[in-house]
Amino acid sequence: MNDPLRDGMPPDPFAGDPDDPAAELAGLDPVDDGSPSGPLDPDERLAIEEDLADLAEFRELLAPTGVKGVAVQCEDCDEEHYHEWDMLRANLMQLLLDGSVLPHEPAFDPIPDDYATWEFCRGYVEGVRAMRPRRLNWRR
């Protein structure tokens, strides 16, 4: 299956299986877990598109230095979660598509030093931009 939203995500072990245990859950009412679902309003869509653009720039500059992705402090469990670049991009793309996030497995036994916070990434990018030579306007 070639699904661009699943790039970076582990394969569904039950894809195409008629005995998929999740099929039993299909008839149940969804539980409201506070996560967004359904169409996004224009401001939410813009924010996610900006996050995708930021993420691409973060990855371009930080992946070559060995950073594997972004560390996020989870408000629900108060623990740090480690998201590799492709998985975070897939999550943001899924949010744009239908306002939901695909289930995913957390990074297995991550090395915290391999990940950077969103704020660190943003600061790093701003620092790189500030260090680039500015183009001079020679026309008068």
# chains A, B, ... in the order shown; residues from 1 in each chain; ligands from 1
call {"tool": "select_by_dssp", "arguments": {"residues": "region 34-105 of chain A", "states": "strand (DSSP E)", "output": "PyMOL selection string"}}
result
chain A and resi 69-73+80-84
call {"tool": "closest_residue", "arguments": {"among": "A:Ala15, A:Val125, A:Leu40, A:Ala63", "to": "Leu96 (chain A)", "atoms": "only C-alpha atoms"}}
result
A:Leu40
call {"tool": "residues_around", "arguments": {"residues": "Asp114 (chain A)", "least_positions_apart": "4", "cutoff": "8 Å", "atoms": "only C-alpha atoms", "output": "PyMOL selection string"}}
result
chain A and resi 66-69+110
call {"tool": "write_last_selection", "arguments": {"atoms": "N, CA, C and O atoms", "output": "mmCIF file, in the first residue's frame"}}
result
data_model
loop_
_atom_site.group_PDB
_atom_site.id
_atom_site.type_symbol
_atom_site.label_atom_id
_atom_site.label_comp_id
_atom_site.auth_asym_id
_atom_site.auth_seq_id
_atom_site.Cartn_x
_atom_site.Cartn_y
_atom_site.Cartn_z
ATOM 1 N N GLY A 66 22.644 15.084 13.251
ATOM 2 C CA GLY A 66 22.354 13.897 14.049
ATOM 3 C C GLY A 66 21.051 13.949 14.824
ATOM 4 O O GLY A 66 20.689 12.975 15.487
ATOM 5 N N VAL A 67 20.339 15.061 14.769
ATOM 6 C CA VAL A 67 19.053 15.149 15.468
ATOM 7 C C VAL A 67 18.049 14.283 14.713
ATOM 8 O O VAL A 67 17.883 14.411 13.503
ATOM 9 N N LYS A 68 17.370 13.379 15.444
ATOM 10 C CA LYS A 68 16.454 12.424 14.820
ATOM 11 C C LYS A 68 15.017 12.901 14.767
ATOM 12 O O LYS A 68 14.196 12.307 14.078
ATOM 13 N N GLY A 69 14.688 13.954 15.519
ATOM 14 C CA GLY A 69 13.316 14.438 15.525
ATOM 15 C C GLY A 69 13.083 15.411 16.660
ATOM 16 O O GLY A 69 14.015 16.021 17.174
ATOM 17 N N PRO A 110 14.187 5.545 23.053
ATOM 18 C CA PRO A 110 14.890 6.669 22.429
ATOM 19 C C PRO A 110 16.044 7.173 23.289
ATOM 20 O O PRO A 110 16.044 7.015 24.510
#
call {"tool": "residues_around", "arguments": {"residues": "Ala71 (chain A)", "least_positions_apart": "3", "cutoff": "9 Å", "atoms": "only C-alpha atoms", "output": "ChimeraX atom specification"}}
result
/A:80-84,112,115-118
call {"tool": "closest_residue", "arguments": {"among": "A:Cys74, A:Val101, A:Ile111, A:Leu92", "to": "Leu46 (chain A)", "atoms": "only C-alpha atoms"}}
result
A:Leu92
call {"tool": "atom_distance", "arguments": {"atom1": "CA of Phe120 (chain A)", "atom2": "CA of Asp43 (chain A)"}}
result
24.3 Å
call {"tool": "atom_distance", "arguments": {"atom1": "CA of Phe58 (chain A)", "atom2": "CA of Gly99 (chain A)"}}
result
23.3 Å
call {"tool": "atom_distance", "arguments": {"atom1": "CA of Pro11 (chain A)", "atom2": "CA of Met87 (chain A)"}}
result
12.1 Å
call {"tool": "select_by_dssp", "arguments": {"residues": "region 13-125 of chain A", "states": "helix (DSSP H, G or I)", "output": "JSON, numbers by chain"}}
result
{"A": [21, 22, 23, 24, 25, 42, 43, 44, 45, 46, 47, 48, 49, 50, 51, 52, 53, 54, 55, 56, 57, 58, 59, 60, 61, 62, 63, 64, 65, 85, 86, 87, 88, 89, 90, 91, 92, 93, 94, 95, 96, 97, 98, 112, 113, 114, 118, 119, 120, 121, 122, 123, 124, 125]}
call {"tool": "write_last_selection", "arguments": {"atoms": "C-alpha atoms", "output": "mmCIF file, in the first residue's frame"}}
result
data_model
loop_
_atom_site.group_PDB
_atom_site.id
_atom_site.type_symbol
_atom_site.label_atom_id
_atom_site.label_comp_id
_atom_site.auth_asym_id
_atom_site.auth_seq_id
_atom_site.Cartn_x
_atom_site.Cartn_y
_atom_site.Cartn_z
ATOM 1 C CA PRO A 21 -9.693 -7.298 16.149
ATOM 2 C CA ALA A 22 -10.359 -3.575 15.682
ATOM 3 C CA ALA A 23 -13.403 -4.470 13.561
ATOM 4 C CA GLU A 24 -15.256 -5.206 16.806
ATOM 5 C CA LEU A 25 -14.792 -1.576 17.811
ATOM 6 C CA PRO A 42 -8.963 28.310 8.429
ATOM 7 C CA ASP A 43 -6.823 29.418 11.395
ATOM 8 C CA GLU A 44 -6.162 25.811 12.493
ATOM 9 C CA ARG A 45 -5.305 24.829 8.920
ATOM 10 C CA LEU A 46 -2.892 27.765 8.587
ATOM 11 C CA ALA A 47 -1.205 26.898 11.897
ATOM 12 C CA ILE A 48 -0.632 23.294 10.791
ATOM 13 C CA GLU A 49 0.670 24.389 7.386
ATOM 14 C CA GLU A 50 3.100 26.726 9.161
ATOM 15 C CA ASP A 51 4.171 23.870 11.464
ATOM 16 C CA LEU A 52 4.810 21.681 8.403
ATOM 17 C CA ALA A 53 6.963 24.399 6.831
ATOM 18 C CA ASP A 54 8.852 24.865 10.109
ATOM 19 C CA LEU A 55 9.318 21.117 10.477
ATOM 20 C CA ALA A 56 10.794 20.848 6.983
ATOM 21 C CA GLU A 57 13.282 23.619 7.773
ATOM 22 C CA PHE A 58 14.130 22.119 11.170
ATOM 23 C CA ARG A 59 14.823 18.770 9.559
ATOM 24 C CA GLU A 60 16.899 20.285 6.748
ATOM 25 C CA LEU A 61 19.181 22.032 9.226
ATOM 26 C CA LEU A 62 19.219 19.624 12.167
ATOM 27 C CA ALA A 63 19.034 16.118 10.676
ATOM 28 C CA PRO A 64 22.574 16.410 9.215
ATOM 29 C CA THR A 65 23.825 17.165 12.738
ATOM 30 C CA TRP A 85 10.822 13.609 11.560
ATOM 31 C CA ASP A 86 8.719 11.383 9.261
ATOM 32 C CA MET A 87 6.255 10.402 11.972
ATOM 33 C CA LEU A 88 5.660 13.997 13.043
ATOM 34 C CA ARG A 89 5.189 15.043 9.422
ATOM 35 C CA ALA A 90 2.699 12.192 8.906
ATOM 36 C CA ASN A 91 0.759 13.285 11.991
ATOM 37 C CA LEU A 92 0.561 16.885 10.782
ATOM 38 C CA MET A 93 -0.497 15.765 7.299
ATOM 39 C CA GLN A 94 -3.239 13.589 8.818
ATOM 40 C CA LEU A 95 -4.453 16.576 10.853
ATOM 41 C CA LEU A 96 -4.719 18.586 7.638
ATOM 42 C CA LEU A 97 -6.614 15.781 5.931
ATOM 43 C CA ASP A 98 -9.352 15.134 8.470
ATOM 44 C CA PRO A 112 16.833 11.843 24.522
ATOM 45 C CA ASP A 113 19.960 13.619 23.279
ATOM 46 C CA ASP A 114 19.008 12.581 19.716
ATOM 47 C CA TRP A 118 10.332 22.579 19.027
ATOM 48 C CA GLU A 119 11.553 25.736 20.771
ATOM 49 C CA PHE A 120 15.198 24.692 20.393
ATOM 50 C CA CYS A 121 14.627 23.919 16.701
ATOM 51 C CA ARG A 122 13.009 27.319 16.142
ATOM 52 C CA GLY A 123 15.850 29.093 17.941
ATOM 53 C CA TYR A 124 18.447 27.156 15.959
ATOM 54 C CA VAL A 125 16.808 28.111 12.663
#
